[in-house]
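Printed here is final_38.csv (CSV, C-alpha atoms and all ligand atoms):
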chain,number,residue,atom,x,y,z
S,1,MET,CA,0.0,0.0,0.0
S,2,ASP,CA,1.6,3.2,-1.2
S,3,LEU,CA,0.9,6.1,1.2
S,4,HIS,CA,2.7,8.7,-1.0
S,5,SER,CA,0.2,8.8,-3.9
S,6,VAL,CA,-3.0,8.5,-2.0
S,7,PHE,CA,-5.3,11.4,-0.9
S,8,CYS,CA,-8.5,11.7,1.1
S,9,HIS,CA,-11.6,11.4,-1.0
S,10,ASN,CA,-14.0,12.9,1.6
S,11,PRO,CA,-15.5,16.1,0.0
S,12,ALA,CA,-16.0,17.6,3.4
S,13,CYS,CA,-12.4,17.0,4.6
S,14,PRO,CA,-10.0,20.0,4.7
S,15,ALA,CA,-7.2,17.7,3.5
S,16,ARG,CA,-9.1,16.3,0.5
S,17,GLY,CA,-7.1,15.8,-2.7
S,18,GLN,CA,-3.7,16.6,-1.1
S,19,VAL,CA,-0.9,14.1,-1.5
S,20,GLY,CA,2.1,13.6,0.7
S,21,LYS,CA,0.9,15.6,3.7
S,22,GLY,CA,1.1,12.7,6.1
S,23,ASN,CA,-2.6,12.6,6.9
S,24,ILE,CA,-3.2,9.2,5.3
S,25,GLY,CA,-2.5,5.9,7.2
S,26,VAL,CA,-3.2,2.3,6.7
S,27,HIS,CA,-6.5,1.3,8.2
S,28,SER,CA,-6.5,-2.4,7.2
S,29,ARG,CA,-4.1,-4.3,5.1
S,30,THR,CA,-6.4,-7.4,4.7
S,31,ALA,CA,-9.4,-5.3,3.6
S,32,GLY,CA,-7.2,-2.9,1.6
S,33,ARG,CA,-8.4,0.3,3.4
S,34,TYR,CA,-6.7,3.6,4.1
S,35,ILE,CA,-7.7,6.1,6.8
S,36,CYS,CA,-7.5,9.9,6.8
S,37,HIS,CA,-6.3,11.2,10.2
S,38,VAL,CA,-7.9,14.6,9.6
S,39,CYS,CA,-11.5,13.5,9.1
S,40,SER,CA,-11.1,9.9,10.5
S,41,LYS,CA,-12.9,8.5,7.4
S,42,THR,CA,-11.6,5.3,5.8
S,43,PHE,CA,-11.6,4.5,2.1
S,44,SER,CA,-10.7,1.6,-0.2
S,45,VAL,CA,-7.5,1.3,-2.1
S,46,ASN,CA,-9.6,1.4,-5.3
S,47,LYS,CA,-11.4,4.6,-4.4
S,48,GLY,CA,-11.1,7.1,-7.3
S,49,THR,CA,-10.2,4.4,-9.9
S,50,VAL,CA,-12.2,2.4,-12.4
S,51,PHE,CA,-11.9,-0.7,-10.2
S,52,TYR,CA,-13.8,0.8,-7.3
S,53,ARG,CA,-16.5,-1.7,-6.1
S,54,LEU,CA,-16.1,-4.0,-9.1
S,55,ARG,CA,-16.5,-7.7,-8.3
S,56,THR,CA,-14.5,-9.0,-11.3
S,57,ALA,CA,-10.7,-9.4,-11.0
S,58,LYS,CA,-8.7,-6.4,-12.1
S,59,ASP,CA,-6.8,-8.3,-14.8
S,60,VAL,CA,-10.1,-9.3,-16.6
S,61,VAL,CA,-11.3,-5.7,-16.4
S,62,VAL,CA,-8.0,-4.4,-17.9
S,63,ILE,CA,-8.1,-6.9,-20.7
S,64,VAL,CA,-11.8,-6.1,-21.6
S,65,VAL,CA,-11.2,-2.4,-21.5
S,66,THR,CA,-8.0,-2.8,-23.7
S,67,LEU,CA,-10.1,-4.7,-26.2
S,68,LEU,CA,-12.9,-2.1,-26.1
S,69,ALA,CA,-10.2,0.7,-26.7
S,70,HIS,CA,-9.0,-1.1,-29.8
S,71,GLY,CA,-12.3,-1.5,-31.5
S,72,CYS,CA,-13.4,-5.0,-30.3
S,73,PRO,CA,-17.2,-5.2,-30.5
S,74,VAL,CA,-19.0,-5.8,-27.2
S,75,GLN,CA,-20.6,-9.0,-28.5
S,76,ALA,CA,-17.2,-10.5,-29.2
S,77,ILE,CA,-16.2,-9.8,-25.5
S,78,VAL,CA,-19.5,-11.3,-24.3
S,79,ALA,CA,-18.8,-14.4,-26.3
S,80,ALA,CA,-15.1,-14.7,-25.3
S,81,PHE,CA,-15.3,-14.0,-21.6
S,82,GLY,CA,-18.9,-15.1,-20.8
S,83,LEU,CA,-19.7,-11.8,-19.2
S,84,ASP,CA,-23.1,-10.2,-19.2
S,85,GLU,CA,-23.5,-7.6,-22.0
S,86,ARG,CA,-24.8,-5.0,-19.5
S,87,THR,CA,-21.6,-5.5,-17.4
S,88,VAL,CA,-19.3,-4.8,-20.4
S,89,ILE,CA,-21.4,-1.7,-21.3
S,90,SER,CA,-21.3,-0.4,-17.8
S,91,TRP,CA,-17.5,-0.9,-17.7
S,92,HIS,CA,-17.2,1.0,-21.0
S,93,GLU,CA,-19.3,3.9,-19.6
S,94,ARG,CA,-17.3,3.9,-16.4
S,95,THR,CA,-13.9,4.0,-18.1
S,96,GLY,CA,-15.1,6.7,-20.5
S,97,GLN,CA,-16.1,8.9,-17.6
S,98,HIS,CA,-12.8,8.1,-15.8
S,99,CYS,CA,-10.7,8.9,-18.9
S,100,GLU,CA,-12.6,12.2,-19.5
S,101,ALA,CA,-11.7,13.2,-15.9
S,102,VAL,CA,-8.0,12.2,-16.4
S,103,HIS,CA,-8.0,14.1,-19.7
S,104,ARG,CA,-9.5,17.3,-18.1
S,105,HIS,CA,-6.9,17.1,-15.3
S,106,LEU,CA,-3.8,16.3,-17.3
S,107,VAL,CA,-4.3,17.3,-21.0
S,108,GLU,CA,-6.6,20.4,-20.6
S,109,GLN,CA,-3.8,22.5,-19.2
S,110,PRO,CA,-2.5,25.6,-20.9
S,111,ARG,CA,0.6,25.0,-23.0
S,112,ASP,CA,2.4,26.5,-26.0
S,113,LEU,CA,0.7,24.7,-28.8
S,114,GLY,CA,2.1,26.3,-32.0
S,115,GLN,CA,-0.2,24.5,-34.4
S,116,VAL,CA,-3.6,22.8,-33.8
S,117,GLN,CA,-5.7,21.0,-36.4
S,118,GLY,CA,-9.4,20.5,-36.1
S,119,ASP,CA,-11.8,18.3,-38.1
S,120,GLU,CA,-15.2,16.6,-37.9
S,121,ILE,CA,-16.3,13.0,-38.5
S,122,ARG,CA,-19.8,12.2,-39.6
S,123,VAL,CA,-21.0,9.2,-37.6
S,124,LYS,CA,-24.0,7.0,-38.5
S,125,MET,CA,-26.0,6.0,-35.5
S,126,GLN,CA,-29.1,3.9,-35.2
S,127,GLY,CA,-31.8,6.3,-36.4
S,128,GLY,CA,-29.7,9.3,-37.1
S,129,ILE,CA,-26.4,11.1,-37.7
S,130,VAL,CA,-24.1,12.7,-35.2
S,131,TRP,CA,-21.0,14.8,-35.8
S,132,MET,CA,-17.8,14.2,-33.8
S,133,ALA,CA,-15.4,17.2,-33.8
S,134,MET,CA,-11.8,16.7,-32.5
S,135,ALA,CA,-8.6,18.7,-32.3
S,136,LEU,CA,-4.9,17.6,-32.4
S,137,HIS,CA,-1.8,19.3,-31.3
S,138,VAL,CA,0.5,18.8,-34.3
S,139,ARG,CA,4.0,18.9,-32.7
S,140,THR,CA,3.3,16.2,-30.0
S,141,ARG,CA,0.3,14.5,-31.8
S,142,LEU,CA,-1.6,15.0,-28.6
S,143,TRP,CA,-5.3,14.6,-28.9
S,144,LEU,CA,-6.8,17.7,-27.3
S,145,GLY,CA,-10.4,16.4,-26.9
S,146,GLY,CA,-13.6,16.1,-28.9
S,147,VAL,CA,-17.3,17.0,-28.8
S,148,LEU,CA,-20.4,15.5,-30.2
S,149,SER,CA,-23.5,17.2,-31.7
S,150,THR,CA,-26.4,16.3,-33.9
S,151,GLY,CA,-25.5,18.9,-36.5
S,152,ARG,CA,-22.3,20.3,-38.0
S,153,ASP,CA,-23.2,23.7,-36.7
S,154,GLY,CA,-21.9,26.6,-34.7
S,155,GLU,CA,-22.7,24.9,-31.4
S,156,LEU,CA,-20.4,21.9,-32.2
S,157,ILE,CA,-17.6,24.1,-33.5
S,158,ALA,CA,-17.8,26.6,-30.6
S,159,ALA,CA,-17.5,23.7,-28.1
S,160,LEU,CA,-14.5,22.3,-29.9
S,161,VAL,CA,-12.8,25.7,-30.1
S,162,GLN,CA,-13.4,26.1,-26.3
S,163,LYS,CA,-11.6,22.8,-25.7
S,164,VAL,CA,-8.6,24.0,-27.8
S,165,ARG,CA,-8.6,27.3,-25.9
S,166,ALA,CA,-8.5,25.4,-22.5
S,167,CYS,CA,-5.3,23.8,-23.7
S,168,ALA,CA,-3.6,26.9,-25.1
S,169,LEU,CA,-1.3,29.6,-23.8
S,170,CYS,CA,-1.5,33.1,-25.3
S,171,ARG,CA,1.4,32.5,-27.7
S,172,PRO,CA,1.6,32.4,-31.5
S,173,LEU,CA,-0.8,29.8,-32.6
S,174,LEU,CA,-1.9,28.5,-36.0
S,175,LEU,CA,-5.3,26.8,-36.3
S,176,CYS,CA,-5.7,24.7,-39.4
S,177,VAL,CA,-9.3,23.7,-40.1
S,178,ASP,CA,-11.5,22.6,-43.0
S,179,GLY,CA,-13.8,24.8,-45.0
S,180,CYS,CA,-16.7,24.8,-42.4
S,181,SER,CA,-17.5,28.6,-42.3
S,182,VAL,CA,-18.5,28.8,-38.6
S,183,TYR,CA,-14.9,28.0,-37.5
S,184,ILE,CA,-13.7,31.6,-38.3
S,185,SER,CA,-16.4,33.4,-36.2
S,186,ALA,CA,-16.1,30.8,-33.4
S,187,ILE,CA,-12.3,31.1,-33.2
S,188,ARG,CA,-12.4,34.9,-33.3
S,189,SER,CA,-15.0,35.1,-30.5
S,190,VAL,CA,-13.3,32.4,-28.2
S,191,PHE,CA,-9.7,33.5,-28.5
S,192,ARG,CA,-10.1,36.8,-26.8
S,193,GLU,CA,-8.8,38.2,-23.4
S,194,PRO,CA,-10.6,40.7,-21.2
S,195,VAL,CA,-8.7,44.0,-20.8
S,196,ARG,CA,-9.3,45.0,-17.2
S,197,LEU,CA,-9.1,48.8,-16.6
S,198,GLY,CA,-10.7,48.8,-13.2
S,199,GLN,CA,-14.0,50.3,-14.5
S,200,ILE,CA,-17.5,49.1,-13.8
S,201,GLY,CA,-19.1,46.8,-16.4
S,202,ARG,CA,-17.9,44.1,-18.7
S,203,PRO,CA,-14.3,44.6,-19.8
S,204,ARG,CA,-13.5,45.0,-23.4
S,205,LEU,CA,-12.3,41.8,-25.1
S,206,ARG,CA,-9.0,42.0,-27.1
S,207,PRO,CA,-8.1,39.3,-29.7
S,208,TRP,CA,-5.0,37.2,-29.0
S,209,ASP,CA,-1.8,38.4,-30.6
S,210,GLY,CA,-0.2,36.0,-33.1
S,211,LEU,CA,-3.4,34.0,-33.8
S,212,CYS,CA,-3.4,32.6,-37.4
S,213,ILE,CA,-6.2,30.8,-39.0
S,214,ALA,CA,-5.9,28.7,-42.2
S,215,GLN,CA,-8.5,26.7,-44.0
S,216,VAL,CA,-8.0,23.7,-46.3
S,217,VAL,CA,-10.9,23.3,-48.6
S,218,LYS,CA,-11.1,20.2,-50.8
S,219,GLN,CA,-12.9,20.2,-54.1
S,220,TYR,CA,-14.7,17.0,-55.0
S,221,ALA,CA,-16.0,15.5,-58.2
S,222,CYS,CA,-17.7,12.1,-58.2
S,223,LYS,CA,-16.5,11.5,-54.5
S,224,ARG,CA,-12.9,12.1,-55.5
S,225,VAL,CA,-10.7,15.0,-54.5
S,226,ILE,CA,-9.8,17.0,-57.6
S,227,GLY,CA,-8.2,20.0,-56.0
S,228,ILE,CA,-7.2,21.6,-52.7
S,229,GLU,CA,-7.5,25.2,-51.9
S,230,ARG,CA,-5.5,26.7,-49.0
S,231,ARG,CA,-6.9,29.9,-47.6
S,232,LEU,CA,-5.0,32.2,-45.2
S,233,VAL,CA,-7.9,33.7,-43.2
S,234,GLN,CA,-5.9,35.5,-40.5
S,235,GLY,CA,-2.2,36.1,-40.0
S,236,THR,CA,0.6,36.9,-42.5
S,237,ALA,CA,2.3,34.3,-44.8
S,238,ASN,CA,5.5,34.8,-42.8
S,239,GLN,CA,3.9,34.1,-39.5
S,240,ILE,CA,2.3,31.0,-40.8
S,241,GLU,CA,5.5,29.8,-42.4
S,242,ALA,CA,7.4,30.3,-39.1
S,243,LEU,CA,4.7,28.3,-37.2
S,244,LEU,CA,4.7,25.5,-39.8
S,245,GLN,CA,8.5,25.3,-39.6
S,246,ARG,CA,8.4,25.1,-35.8
S,247,THR,CA,5.6,22.5,-35.5
S,248,GLN,CA,6.0,20.2,-38.5
S,249,GLY,CA,9.4,21.1,-39.9
S,250,GLY,CA,8.0,23.2,-42.8
S,251,GLY,CA,5.7,22.2,-45.6
S,252,MET,CA,2.3,23.5,-46.5
S,253,ILE,CA,-0.9,24.2,-44.6
S,254,ASN,CA,-2.7,20.9,-44.2
S,255,VAL,CA,-5.1,18.9,-42.0
S,256,ALA,CA,-3.4,15.6,-42.7
S,257,TYR,CA,-2.5,15.0,-39.0
S,258,ILE,CA,-6.0,15.2,-37.7
S,259,GLU,CA,-7.3,13.2,-40.7
S,260,ARG,CA,-4.9,10.4,-39.8
S,261,LEU,CA,-6.1,10.6,-36.2
S,262,ASN,CA,-9.7,10.3,-37.5
S,263,ALA,CA,-8.7,7.1,-39.2
S,264,THR,CA,-7.3,5.8,-35.9
S,265,PHE,CA,-10.6,6.6,-34.1
S,266,ARG,CA,-12.6,5.0,-36.9
S,267,SER,CA,-10.7,1.8,-36.6
S,268,HIS,CA,-10.7,1.8,-32.7
S,269,ILE,CA,-14.4,2.5,-32.1
S,270,ALA,CA,-16.6,-0.3,-33.4
S,271,ALA,CA,-19.5,2.1,-33.9
S,272,LEU,CA,-17.4,4.3,-36.2
S,273,VAL,CA,-16.4,1.7,-38.7
S,274,ARG,CA,-17.8,2.6,-42.1
S,275,ARG,CA,-20.6,0.3,-43.3
S,276,GLY,CA,-20.3,-1.7,-40.0
S,277,ARG,CA,-23.1,-3.4,-38.2
S,278,ALA,CA,-22.2,-2.3,-34.7
S,279,LEU,CA,-23.9,1.1,-34.8
S,280,ALA,CA,-24.3,3.1,-31.6
S,281,ARG,CA,-27.8,3.8,-30.3
S,282,GLN,CA,-26.9,6.8,-28.1
S,283,ALA,CA,-24.6,9.7,-28.4
S,284,THR,CA,-23.3,9.2,-24.8
S,285,THR,CA,-22.0,5.8,-25.8
S,286,LEU,CA,-19.9,7.4,-28.5
S,287,HIS,CA,-18.8,10.2,-26.1
S,288,HIS,CA,-17.5,7.6,-23.6
S,289,ALA,CA,-15.8,5.5,-26.4
S,290,MET,CA,-14.2,8.7,-27.8
S,291,TYR,CA,-12.6,9.6,-24.4
S,292,LEU,CA,-11.5,6.0,-23.8
S,293,VAL,CA,-9.8,5.7,-27.2
S,294,GLY,CA,-8.4,9.2,-27.0
S,295,SER,CA,-6.8,8.6,-23.6
S,296,VAL,CA,-5.4,5.2,-24.5
S,297,TYR,CA,-4.0,6.9,-27.7
S,298,ASN,CA,-2.5,9.8,-25.7
S,299,PHE,CA,-1.0,7.9,-22.7
S,300,CYS,CA,-0.6,4.2,-23.7
S,301,THR,CA,0.4,4.1,-27.4
S,302,ASP,CA,3.8,4.9,-28.8
S,303,HIS,CA,3.7,7.1,-31.8
S,304,ARG,CA,6.1,6.1,-34.6
S,305,SER,CA,6.7,9.7,-35.7
S,306,LEU,CA,7.5,10.9,-32.1
S,307,ARG,CA,10.4,8.5,-31.5
S,308,LEU,CA,13.8,10.0,-30.7
S,309,ALA,CA,17.1,8.8,-32.0
S,310,LEU,CA,19.7,8.0,-29.3
S,311,TYR,CA,23.2,7.9,-30.6
S,312,LEU,CA,25.4,5.3,-28.8
S,313,PRO,CA,29.2,4.8,-28.9
S,314,GLY,CA,30.4,3.0,-32.0
S,315,ASN,CA,28.2,4.9,-34.4
S,316,ARG,CA,25.2,2.9,-33.2
S,317,ARG,CA,21.7,4.3,-33.0
S,318,ARG,CA,18.7,3.3,-30.9
S,319,TRP,CA,15.2,4.6,-31.2
S,320,VAL,CA,13.4,5.7,-28.0
S,321,PRO,CA,9.6,5.4,-28.5
S,322,ARG,CA,7.4,8.1,-27.1
S,323,THR,CA,3.7,8.5,-26.6
S,324,PRO,CA,2.0,11.9,-27.3
S,325,ALA,CA,1.7,12.5,-23.5
S,326,VAL,CA,5.5,11.9,-23.1
S,327,ALA,CA,6.2,14.3,-26.1
S,328,ALA,CA,4.0,16.9,-24.4
S,329,GLY,CA,5.8,16.6,-21.1
S,330,ILE,CA,2.7,15.3,-19.2
S,331,THR,CA,4.3,12.1,-18.1
S,332,ASP,CA,7.8,10.5,-18.4
S,333,HIS,CA,6.9,7.0,-19.5
S,334,ARG,CA,4.3,5.1,-21.5
S,335,TRP,CA,1.4,4.1,-19.3
S,336,THR,CA,-0.2,0.7,-19.2
S,337,VAL,CA,-4.0,0.6,-19.5
S,338,GLU,CA,-4.0,-0.5,-15.9
S,339,GLU,CA,-2.1,2.7,-14.9
S,340,LEU,CA,-4.6,4.8,-16.8
S,341,LEU,CA,-7.6,3.1,-15.1
S,342,SER,CA,-5.9,3.4,-11.7
S,343,PHE,CA,-5.0,7.1,-12.0
S,344,ARG,CA,-6.8,9.0,-9.2
S,345,VAL,CA,-7.8,12.5,-10.3
S,346,PRO,CA,-7.3,14.7,-7.2
S,347,LEU,CA,-10.2,16.6,-5.8
S,348,PRO,CA,-10.0,20.4,-5.9
S,349,ARG,CA,-8.6,22.1,-2.8
S,350,TRP,CA,-11.0,22.5,0.1
S,351,SER,CA,-12.3,25.9,1.1
S,352,PRO,CA,-14.6,26.8,4.0
S,353,ALA,CA,-18.2,27.3,3.2
S,354,LYS,CA,-19.0,31.0,2.4
S,355,ARG,CA,-20.9,32.8,5.2
S,356,ARG,CA,-21.3,36.3,6.5
S,357,GLY,CA,-18.8,37.6,9.1
S,358,ARG,CA,-15.4,36.5,10.2
S,359,LEU,CA,-14.2,32.9,10.2
S,360,SER,CA,-14.1,31.1,13.5
S,361,LYS,CA,-10.6,30.3,15.1
S,362,THR,CA,-10.9,26.6,14.1
S,363,ALA,CA,-11.8,27.5,10.5
S,364,GLN,CA,-8.9,30.0,10.4
S,365,ALA,CA,-6.5,27.3,11.6
S,366,LEU,CA,-7.8,24.8,9.0
S,367,VAL,CA,-7.4,27.4,6.2
S,368,ALA,CA,-3.9,28.2,7.3
S,369,GLN,CA,-2.9,24.5,7.4
S,370,TRP,CA,-4.7,23.2,4.3
S,371,CYS,CA,-5.4,26.0,1.9
S,372,SER,CA,-2.0,27.7,1.7
S,401,ZN,ZN,-10.0,13.3,5.2
Here is a file; write its structure as structure tokens.
Ligand SMILES: [Zn+2]
Amino acid sequence: MDLHSVFCHNPACPARGQVGKGNIGVHSRTAGRYICHVCSKTFSVNKGTVFYRLRTAKDVVVIVVTLLAHGCPVQAIVAAFGLDERTVISWHERTGQHCEAVHRHLVEQPRDLGQVQGDEIRVKMQGGIVWMAMALHVRTRLWLGGVLSTGRDGELIAALVQKVRACALCRPLLLCVDGCSVYISAIRSVFREPVRLGQIGRPRLRPWDGLCIAQVVKQYACKRVIGIERRLVQGTANQIEALLQRTQGGGMINVAYIERLNATFRSHIAALVRRGRALARQATTLHHAMYLVGSVYNFCTDHRSLRLALYLPGNRRRWVPRTPAVAAGITDHRWTVEELLSFRVPLPRWSPAKRRGRLSKTAQALVAQWCS
């Protein structure tokens, strides 16, 4: 039992979510329970992980989730493992929610992105169509998240652009998107900062400096691409060239990286396979599947184009594989699926309940100890 990576899960505890503060002890080794010495509550070793309160062995859950994350249909797992279909579906949903929380905590953090590509996939569901919009950080191939909507409209694109904004620092940034017209207004309205002048009322919003927008519009005839038009919507040719040089080593404006990622998602989610028979019935199923596949892609899969050459004595060379999360500096090694499912997302810092008047002495002491 590792006391250095565990934190209290009690939402009412002042020490909640804090690691390495010495407040956690072992309550029972046989039952696998920790105790928090601040609030005296005990909790299971699996609290905060996908395995919490599951009756099936951890190894089986990990194998089933790995298969689901690589596009294995639920029916195949039911036939192979003798599990109930509802059990597999509930594990899928649970892992999707867990991976979304991990993604929010680790990936949706501001970083210097350089170039981001966005695109949408048309998904056929039982009784309708949904659109899945996703974004990719080109230099590290990090999947920045995705959103679903019934239409390829302003709502979908605005939600995607908000996701990109959550991952971006206010630095020179090139956004390469397809010809969908709502992108431009969505990007321009989301990438703005308030200018606070100390006056009453809503502050004026100023657009980000160094924001470039490029569109790649494909022309089709008889379902074949016959031409590609590249439009510089915002930013100068020099700015865009410098960003392309920094993020992909030169070349032209393109959306090839996100299109390749779309192909990975299509092959890794059974419901996304073209002309397949395993169509999804609900958009939430697709949402959970998207976060599971995206997180396994980010944290657990080495990317061939991200490998680094290590030069050894004797003119020998060794390739060091890297995952997108390693390339982005989020972690230092490739995670196993079990590590991903066991990651505990810390709770936000505790703060005393808001009330009128001064804090009591006890509350002041707790704030001084746990909120600094
Ligand atoms: Zn506690």
Give me the residues near Gln239 (chain S) as an mmCIF file with C-alpha atoms, keeping the file's coordinate frame, where near means some atom within 8 Å (using only C-alpha atoms) and where sequence neighbours in that chain fewer than 3 positions away do not count.
data_model
loop_
_atom_site.group_PDB
_atom_site.id
_atom_site.type_symbol
_atom_site.label_atom_id
_atom_site.label_comp_id
_atom_site.auth_asym_id
_atom_site.auth_seq_id
_atom_site.Cartn_x
_atom_site.Cartn_y
_atom_site.Cartn_z
ATOM 1 C CA GLY S 210 -0.200 36.000 -33.100
ATOM 2 C CA CYS S 212 -3.400 32.600 -37.400
ATOM 3 C CA GLY S 235 -2.200 36.100 -40.000
ATOM 4 C CA THR S 236 0.600 36.900 -42.500
ATOM 5 C CA ALA S 242 7.400 30.300 -39.100
ATOM 6 C CA LEU S 243 4.700 28.300 -37.200
#
Taking all atoms listed in the file into account, which of S:Thr285, S:Gln126, S:Gln219, S:Thr247 comes nearest Ile89 (chain S)?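 Checking each of S:Thr285, S:Gln126, S:Gln219, S:Thr247 against Ile89 (chain S), counting all atoms listed in the file, the winner is S:Thr285.
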Compile a residue-level contact table for chain S against ligand ZN 401 (chain S) at a cut-off of 8 Å, reporting for every qualifying residue the shortest atom pair and its distance in Å to one decimal, with all atoms listed in the file counted, rows ordered by chain and ascending number, as a tab-separated table.
residue	atom	partner	partner_atom	distance
S:Phe7	CA	S:ZN401	ZN	7.9
S:Cys8	CA	S:ZN401	ZN	4.6
S:His9	CA	S:ZN401	ZN	6.7
S:Asn10	CA	S:ZN401	ZN	5.4
S:Ala12	CA	S:ZN401	ZN	7.6
S:Cys13	CA	S:ZN401	ZN	4.5
S:Pro14	CA	S:ZN401	ZN	6.7
S:Ala15	CA	S:ZN401	ZN	5.5
S:Arg16	CA	S:ZN401	ZN	5.6
S:Asn23	CA	S:ZN401	ZN	7.6
S:Ile24	CA	S:ZN401	ZN	7.9
S:Ile35	CA	S:ZN401	ZN	7.7
S:Cys36	CA	S:ZN401	ZN	4.5
S:His37	CA	S:ZN401	ZN	6.6
S:Val38	CA	S:ZN401	ZN	5.0
S:Cys39	CA	S:ZN401	ZN	4.2
S:Ser40	CA	S:ZN401	ZN	6.4
S:Lys41	CA	S:ZN401	ZN	6.0
Surrounding residues of Ile157 (chain S) excluding itself and chain neighbours under 6 positions, 10 Å, only C-alpha atoms, as a PyMOL selection string: chain S and resi 118-120+132-134+147-149+151+163+180-187
Measuring atom to atom with all atoms listed in the file, identify which of S:Glu100, S:Asp178, S:Glu338, S:Asp302 is nearest to Val61 (chain S). S:Glu338
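With CA of Cys170 (chain S) on one side and CA of Cys300 (chain S) on the other, the separation reads 29.0 Å.
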In the coordinate frame of the file, compute which residues have an atom within 12 Å of (-6.8, 21.3, -50.1) when using only C-alpha atoms, and state them as a PyMOL selection string. chain S and resi 176-179+214-220+225-231+252-256
Written file, previous selection with C-alpha atoms, as a JSON list (two decimals), in the frame of the given file:
[["chain", "number", "residue", "atom", "x", "y", "z"],
["S", 176, "CYS", "CA", -5.70, 24.70, -39.40],
["S", 177, "VAL", "CA", -9.30, 23.70, -40.10],
["S", 178, "ASP", "CA", -11.50, 22.60, -43.00],
["S", 179, "GLY", "CA", -13.80, 24.80, -45.00],
["S", 214, "ALA", "CA", -5.90, 28.70, -42.20],
["S", 215, "GLN", "CA", -8.50, 26.70, -44.00],
["S", 216, "VAL", "CA", -8.00, 23.70, -46.30],
["S", 217, "VAL", "CA", -10.90, 23.30, -48.60],
["S", 218, "LYS", "CA", -11.10, 20.20, -50.80],
["S", 219, "GLN", "CA", -12.90, 20.20, -54.10],
["S", 220, "TYR", "CA", -14.70, 17.00, -55.00],
["S", 225, "VAL", "CA", -10.70, 15.00, -54.50],
["S", 226, "ILE", "CA", -9.80, 17.00, -57.60],
["S", 227, "GLY", "CA", -8.20, 20.00, -56.00],
["S", 228, "ILE", "CA", -7.20, 21.60, -52.70],
["S", 229, "GLU", "CA", -7.50, 25.20, -51.90],
["S", 230, "ARG", "CA", -5.50, 26.70, -49.00],
["S", 231, "ARG", "CA", -6.90, 29.90, -47.60],
["S", 252, "MET", "CA", 2.30, 23.50, -46.50],
["S", 253, "ILE", "CA", -0.90, 24.20, -44.60],
["S", 254, "ASN", "CA", -2.70, 20.90, -44.20],
["S", 255, "VAL", "CA", -5.10, 18.90, -42.00],
["S", 256, "ALA", "CA", -3.40, 15.60, -42.70]]
Between S:Arg111, S:Arg281, S:Arg139, S:Arg334, which is the closest to Thr301 (chain S) once you count all atoms listed in the file? S:Arg334
Best match for closeness to Thr150 (chain S) among S:Ser5, S:Gln282, S:Ser360, S:Gln18, counting all atoms listed in the file: S:Gln282
Sel. within 10 Å of pt (-1.5, 0.7, -18.4), counting all atoms listed in the file, output as a PyMOL selection string: chain S and resi 62+66+296+299-301+334-343
Nearest residue to Glu259 (chain S) from the set S:Val88, S:Ala135, S:Val102, S:Ala363 (distances using all atoms listed in the file): S:Ala135
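Here CA of Tyr291 (chain S) stands at a distance of 5.9 Å from CA of Cys99 (chain S).
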For CA of Gly71 (chain S) and CA of Leu272 (chain S), the interatomic separation in Å (one decimal):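 Between these atoms lies a distance of 9.0 Å.
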Near Ala278 (chain S), within 12 Å and counting only C-alpha atoms, which residues show up once chain neighbours fewer than 4 positions away are dropped, as a ChimeraX atom specification? /S:71-76,123-126,269-274,286
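Distances from S:Leu211, S:Arg322, S:Arg53, S:Arg206 to Leu308 (chain S) were compared using only C-alpha atoms, and the smallest one belongs to S:Arg322.
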Name all residues at most 9 Å from Ala289 (chain S) (count all atoms listed in the file; drop same-chain ones fewer than 4 positions away) and give them as a PyMOL selection string. chain S and resi 68-69+92-93+95-96+268-269+284-285+293-294
Region 235-243 of chain S dumped to file, N, CA and C atoms, as a PDB file, in the first residue's frame:
ATOM      1  N   GLY S 235      -3.635  36.259 -40.197  1.00  0.00           N
ATOM      2  CA  GLY S 235      -2.183  36.113 -40.041  1.00  0.00           C
ATOM      3  C   GLY S 235      -1.474  36.286 -41.371  1.00  0.00           C
ATOM      4  N   THR S 236      -0.204  36.652 -41.290  1.00  0.00           N
ATOM      5  CA  THR S 236       0.558  36.856 -42.525  1.00  0.00           C
ATOM      6  C   THR S 236       1.203  35.542 -42.967  1.00  0.00           C
ATOM      7  N   ALA S 237       1.618  35.497 -44.235  1.00  0.00           N
ATOM      8  CA  ALA S 237       2.266  34.285 -44.778  1.00  0.00           C
ATOM      9  C   ALA S 237       3.542  33.971 -44.001  1.00  0.00           C
ATOM     10  N   ASN S 238       4.282  35.022 -43.591  1.00  0.00           N
ATOM     11  CA  ASN S 238       5.532  34.808 -42.840  1.00  0.00           C
ATOM     12  C   ASN S 238       5.271  34.183 -41.471  1.00  0.00           C
ATOM     13  N   GLN S 239       4.248  34.688 -40.791  1.00  0.00           N
ATOM     14  CA  GLN S 239       3.904  34.142 -39.459  1.00  0.00           C
ATOM     15  C   GLN S 239       3.541  32.664 -39.585  1.00  0.00           C
ATOM     16  N   ILE S 240       2.720  32.352 -40.589  1.00  0.00           N
ATOM     17  CA  ILE S 240       2.255  30.967 -40.759  1.00  0.00           C
ATOM     18  C   ILE S 240       3.423  30.065 -41.137  1.00  0.00           C
ATOM     19  N   GLU S 241       4.300  30.559 -41.985  1.00  0.00           N
ATOM     20  CA  GLU S 241       5.474  29.767 -42.396  1.00  0.00           C
ATOM     21  C   GLU S 241       6.365  29.457 -41.189  1.00  0.00           C
ATOM     22  N   ALA S 242       6.545  30.472 -40.307  1.00  0.00           N
ATOM     23  CA  ALA S 242       7.382  30.267 -39.112  1.00  0.00           C
ATOM     24  C   ALA S 242       6.748  29.219 -38.195  1.00  0.00           C
ATOM     25  N   LEU S 243       5.419  29.263 -38.045  1.00  0.00           N
ATOM     26  CA  LEU S 243       4.742  28.295 -37.169  1.00  0.00           C
ATOM     27  C   LEU S 243       4.772  26.887 -37.764  1.00  0.00           C
TER      28      LEU S 243
END
